[in-house]
file run36.cif (mmCIF, C-alpha atoms)
data_input
#
loop_
_atom_site.label_atom_id
_atom_site.label_comp_id
_atom_site.auth_asym_id
_atom_site.auth_seq_id
_atom_site.Cartn_x
_atom_site.Cartn_y
_atom_site.Cartn_z
CA LYS C 117 91.29 -116.24 58.33
CA LEU C 118 88.69 -118.00 56.30
CA GLY C 119 86.89 -115.99 53.65
CA SER C 120 85.71 -115.75 50.09
CA ILE C 121 87.76 -114.28 47.24
CA GLU C 122 84.61 -112.36 46.32
CA ASP C 123 84.41 -110.78 49.80
CA ILE C 124 87.93 -110.71 51.28
CA PRO C 125 87.74 -110.14 55.07
CA PHE C 126 90.48 -107.47 55.26
CA GLU C 127 90.60 -103.69 55.09
CA SER C 128 91.41 -101.90 51.83
CA SER C 129 95.12 -101.59 50.95
CA THR C 130 96.16 -104.17 53.56
CA PHE C 131 98.72 -106.19 51.56
CA ASP C 132 101.69 -105.10 49.44
CA ILE C 133 101.12 -108.05 47.09
CA VAL C 134 97.99 -110.10 46.47
CA HIS C 135 98.41 -113.34 44.50
CA THR C 136 96.08 -116.04 43.22
CA ARG C 137 97.03 -119.13 41.27
CA HIS C 138 94.55 -121.06 39.13
CA VAL C 139 91.50 -119.51 40.84
CA LEU C 140 89.78 -117.04 38.48
CA GLU C 141 89.19 -119.60 35.76
CA HIS C 142 87.09 -121.62 38.22
CA LEU C 143 84.68 -118.77 39.00
CA LYS C 144 81.51 -118.04 37.08
CA ASN C 145 82.52 -114.35 36.83
CA PHE C 146 85.86 -112.67 37.48
CA ASP C 147 84.71 -109.16 38.38
CA MET C 148 83.93 -109.48 42.11
CA ALA C 149 87.09 -111.49 42.83
CA LEU C 150 89.27 -109.11 40.81
CA SER C 151 87.67 -106.10 42.48
CA GLU C 152 88.37 -107.53 45.93
CA MET C 153 92.00 -108.41 45.13
CA ILE C 154 92.60 -104.89 43.84
CA ARG C 155 90.83 -103.39 46.86
CA VAL C 156 93.05 -105.15 49.45
CA ALA C 157 96.31 -104.61 47.51
CA LYS C 158 98.70 -101.72 48.14
CA LYS C 159 101.20 -102.27 45.32
CA ILE C 160 100.68 -105.30 43.06
CA VAL C 161 98.13 -107.98 42.21
CA LEU C 162 99.47 -111.14 40.57
CA ILE C 163 97.08 -113.58 38.91
CA SER C 164 98.42 -116.87 37.57
CA PHE C 165 96.13 -118.58 35.08
CA PHE C 166 95.98 -122.28 34.28
CA ILE C 167 93.47 -121.53 31.53
CA GLY C 168 94.84 -118.26 30.20
CA PRO C 169 92.94 -115.28 28.83
CA ILE C 170 91.87 -115.65 25.20
CA ASP C 171 92.11 -113.12 22.38
CA GLU C 172 88.41 -113.35 21.51
CA GLU C 173 85.94 -110.60 22.44
CA LYS C 174 83.74 -112.75 24.67
CA SER C 175 84.76 -115.17 27.40
CA ILE C 176 84.15 -118.89 27.03
CA ILE C 177 82.42 -120.13 30.17
CA SER C 178 81.57 -123.77 30.76
CA LEU C 179 80.05 -125.63 33.68
CA ASP C 180 81.77 -129.00 34.08
CA ASN C 181 79.59 -130.75 36.62
CA LYS C 182 75.97 -130.26 35.62
CA ASN C 183 74.46 -132.89 37.95
CA SER C 184 76.51 -132.29 41.10
CA ASP C 185 75.99 -130.25 44.26
CA TYR C 186 78.71 -127.68 43.52
CA GLU C 187 79.37 -125.69 40.37
CA ILE C 188 82.84 -126.16 38.87
CA TYR C 189 83.72 -123.86 36.01
CA HIS C 190 86.57 -123.96 33.53
CA ASN C 191 86.55 -120.52 31.98
CA SER C 192 88.67 -118.71 29.45
CA TYR C 193 88.16 -115.03 30.08
CA SER C 194 88.84 -112.74 27.15
CA LYS C 195 91.72 -110.29 27.32
CA SER C 196 89.45 -107.50 26.10
CA GLU C 197 86.99 -108.06 28.98
CA LEU C 198 89.80 -108.11 31.53
CA LYS C 199 91.45 -105.03 30.00
CA ASN C 200 88.14 -103.14 29.98
CA TYR C 201 87.54 -104.00 33.62
CA LEU C 202 91.04 -102.91 34.65
CA TYR C 203 90.86 -99.71 32.60
CA HIS C 204 87.74 -98.63 34.50
CA ASN C 205 89.09 -99.43 37.98
CA LYS C 206 90.39 -96.17 39.50
CA LYS C 207 92.92 -97.98 41.68
CA VAL C 208 94.73 -99.64 38.73
CA LYS C 209 97.82 -97.77 37.52
CA LYS C 210 98.79 -100.21 34.74
CA TYR C 211 98.80 -103.92 33.98
CA LYS C 212 100.70 -106.46 31.91
CA PHE C 213 99.88 -109.92 30.52
CA ILE C 214 102.92 -112.20 30.61
CA LYS C 215 102.92 -115.50 28.67
CA LEU C 216 104.36 -118.37 30.73
CA SER C 217 105.35 -121.96 30.08
CA GLY C 218 104.50 -124.80 32.40
CA LYS C 219 101.40 -125.37 34.51
CA SER C 220 100.54 -121.67 34.54
CA THR C 221 99.95 -120.30 31.04
CA TYR C 222 99.66 -116.56 31.81
CA LEU C 223 100.45 -114.13 34.56
CA LEU C 224 98.46 -110.93 34.84
CA LYS C 225 100.46 -108.33 36.76
CA ILE C 226 98.43 -105.36 37.99
CA TYR C 227 100.16 -102.29 39.42
CA ILE C 228 98.17 -100.35 42.01
CA LYS C 229 98.14 -96.54 42.18
CA ASN C 230 99.65 -94.87 45.19
CA LYS C 231 97.00 -94.01 47.81
CA ARG C 232 97.38 -90.27 47.40
CA PHE C 233 96.14 -90.47 43.78
CA ILE C 234 92.92 -92.31 44.61
#
call {"tool": "encode", "arguments": {"input": "run36.cif", "output": "structure tokens"}}
result
Amino acid sequence: KLGSIEDIPFESSTFDIVHTRHVLEHLKNFDMALSEMIRVAKKIVLISFFIGPIDEEKSIISLDNKNSDYEIYHNSYSKSELKNYLYHNKKVKKYKFIKLSGKSTYLLKIYIKNKRFI
């Protein structure tokens, strides 16, 4: 199926695991994509970052192709913004930031609450 990460064309709680790799840092905002990944997940959401979350309060968002037809972003979202978003999502049980080495710098592992608690 073809669809957008900000409007995933599947029912809620469809997949045991939802994974993205090097996607969020190329979006202007993370909230719609993250909301959709959490919505369609039953157990876990895994997000691999090329440009990992930063410790600062506010995200650093840059547009890399000012004079082109498509917007390409290279963003560093702040951990505090991500944590705040996850804290307020009723479907999130807990989450963990894991520092990686290699092409992916961080993994954000989000555990989803069992359906009966939602």
call {"tool": "residues_around", "arguments": {"input": "run36.cif", "residues": "Tyr193 of chain C", "least_positions_apart": "3", "cutoff": "10 Å", "atoms": "all atoms listed in the file", "output": "list of chain:residue names"}}
result
C:Leu140, C:Glu141, C:Asn145, C:Phe146, C:Ile167, C:Gly168, C:Pro169, C:Ile170, C:Asp171, C:Glu172, C:Glu173, C:Lys174, C:Ser175, C:Ile176, C:Ile177, C:His190, C:Ser196, C:Glu197, C:Leu198
call {"tool": "residues_around", "arguments": {"input": "run36.cif", "residues": "Glu127 of chain C", "least_positions_apart": "4", "cutoff": "12 Å", "atoms": "all atoms listed in the file", "output": "number ranges by chain"}}
result
C: 123, 131, 152-158
call {"tool": "residues_near_point", "arguments": {"input": "run36.cif", "point": "(98.5, -111.7, 30.9)", "cutoff": "9 Å", "atoms": "only C-alpha atoms", "output": "PDB file with C-alpha atoms, keeping the file's coordinate frame"}}
result
ATOM      1  CA  ILE C 163      97.080-113.580  38.910  1.00  0.00           C
ATOM      2  CA  SER C 164      98.420-116.870  37.570  1.00  0.00           C
ATOM      3  CA  PHE C 165      96.130-118.580  35.080  1.00  0.00           C
ATOM      4  CA  GLY C 168      94.840-118.260  30.200  1.00  0.00           C
ATOM      5  CA  PRO C 169      92.940-115.280  28.830  1.00  0.00           C
ATOM      6  CA  LYS C 195      91.720-110.290  27.320  1.00  0.00           C
ATOM      7  CA  TYR C 211      98.800-103.920  33.980  1.00  0.00           C
ATOM      8  CA  LYS C 212     100.700-106.460  31.910  1.00  0.00           C
ATOM      9  CA  PHE C 213      99.880-109.920  30.520  1.00  0.00           C
ATOM     10  CA  ILE C 214     102.920-112.200  30.610  1.00  0.00           C
ATOM     11  CA  LYS C 215     102.920-115.500  28.670  1.00  0.00           C
ATOM     12  CA  LEU C 216     104.360-118.370  30.730  1.00  0.00           C
ATOM     13  CA  THR C 221      99.950-120.300  31.040  1.00  0.00           C
ATOM     14  CA  TYR C 222      99.660-116.560  31.810  1.00  0.00           C
ATOM     15  CA  LEU C 223     100.450-114.130  34.560  1.00  0.00           C
ATOM     16  CA  LEU C 224      98.460-110.930  34.840  1.00  0.00           C
ATOM     17  CA  LYS C 225     100.460-108.330  36.760  1.00  0.00           C
TER      18      LYS C 225
END
call {"tool": "residues_near_point", "arguments": {"input": "run36.cif", "point": "(94.5, -100.1, 41.3)", "cutoff": "6 Å", "atoms": "all atoms listed in the file", "output": "list in words"}}
result
Ile154, Lys206, Lys207, Val208, Lys209, Ile228 and Lys229 of chain C
call {"tool": "write_last_selection", "arguments": {"input": "run36.cif", "atoms": "C-alpha atoms", "output": "tab-separated table (two decimals), in the frame of the given file"}}
result
chain	number	residue	atom	x	y	z
C	154	ILE	CA	92.60	-104.89	43.84
C	206	LYS	CA	90.39	-96.17	39.50
C	207	LYS	CA	92.92	-97.98	41.68
C	208	VAL	CA	94.73	-99.64	38.73
C	209	LYS	CA	97.82	-97.77	37.52
C	228	ILE	CA	98.17	-100.35	42.01
C	229	LYS	CA	98.14	-96.54	42.18
call {"tool": "closest_residue", "arguments": {"input": "run36.cif", "among": "C:Asp185, C:Tyr227, C:Ser151, C:Ser220", "to": "Asn205 of chain C", "atoms": "all atoms listed in the file"}}
result
C:Ser151
call {"tool": "atom_distance", "arguments": {"input": "run36.cif", "atom1": "atom CA of Asn191 of chain C", "atom2": "atom CA of Val134 of chain C"}}
result
21.2 Å
call {"tool": "atom_distance", "arguments": {"input": "run36.cif", "atom1": "atom CA of Leu150 of chain C", "atom2": "atom CA of Leu202 of chain C"}}
result
8.9 Å
call {"tool": "closest_residue", "arguments": {"input": "run36.cif", "among": "C:Phe166, C:Ser194, C:Tyr189, C:Asn200", "to": "His138 of chain C", "atoms": "all atoms listed in the file"}}
result
C:Phe166
call {"tool": "axis_aligned_box", "arguments": {"input": "run36.cif", "around": "segment 162-176 of chain C", "padding_each_side": "3 Å", "output": "lines of an AutoDock Vina configuration file"}}
result
center_x = 91.6
center_y = -116.4
center_z = 31.0
size_x = 21.7
size_y = 17.7
size_z = 25.1
call {"tool": "atom_distance", "arguments": {"input": "run36.cif", "atom1": "atom CA of Tyr203 of chain C", "atom2": "atom CA of Ser129 of chain C"}}
result
18.9 Å
call {"tool": "closest_residue", "arguments": {"input": "run36.cif", "among": "C:Leu118, C:Val161, C:Ala149, C:Ile188", "to": "Ile226 of chain C", "atoms": "all atoms listed in the file"}}
result
C:Val161
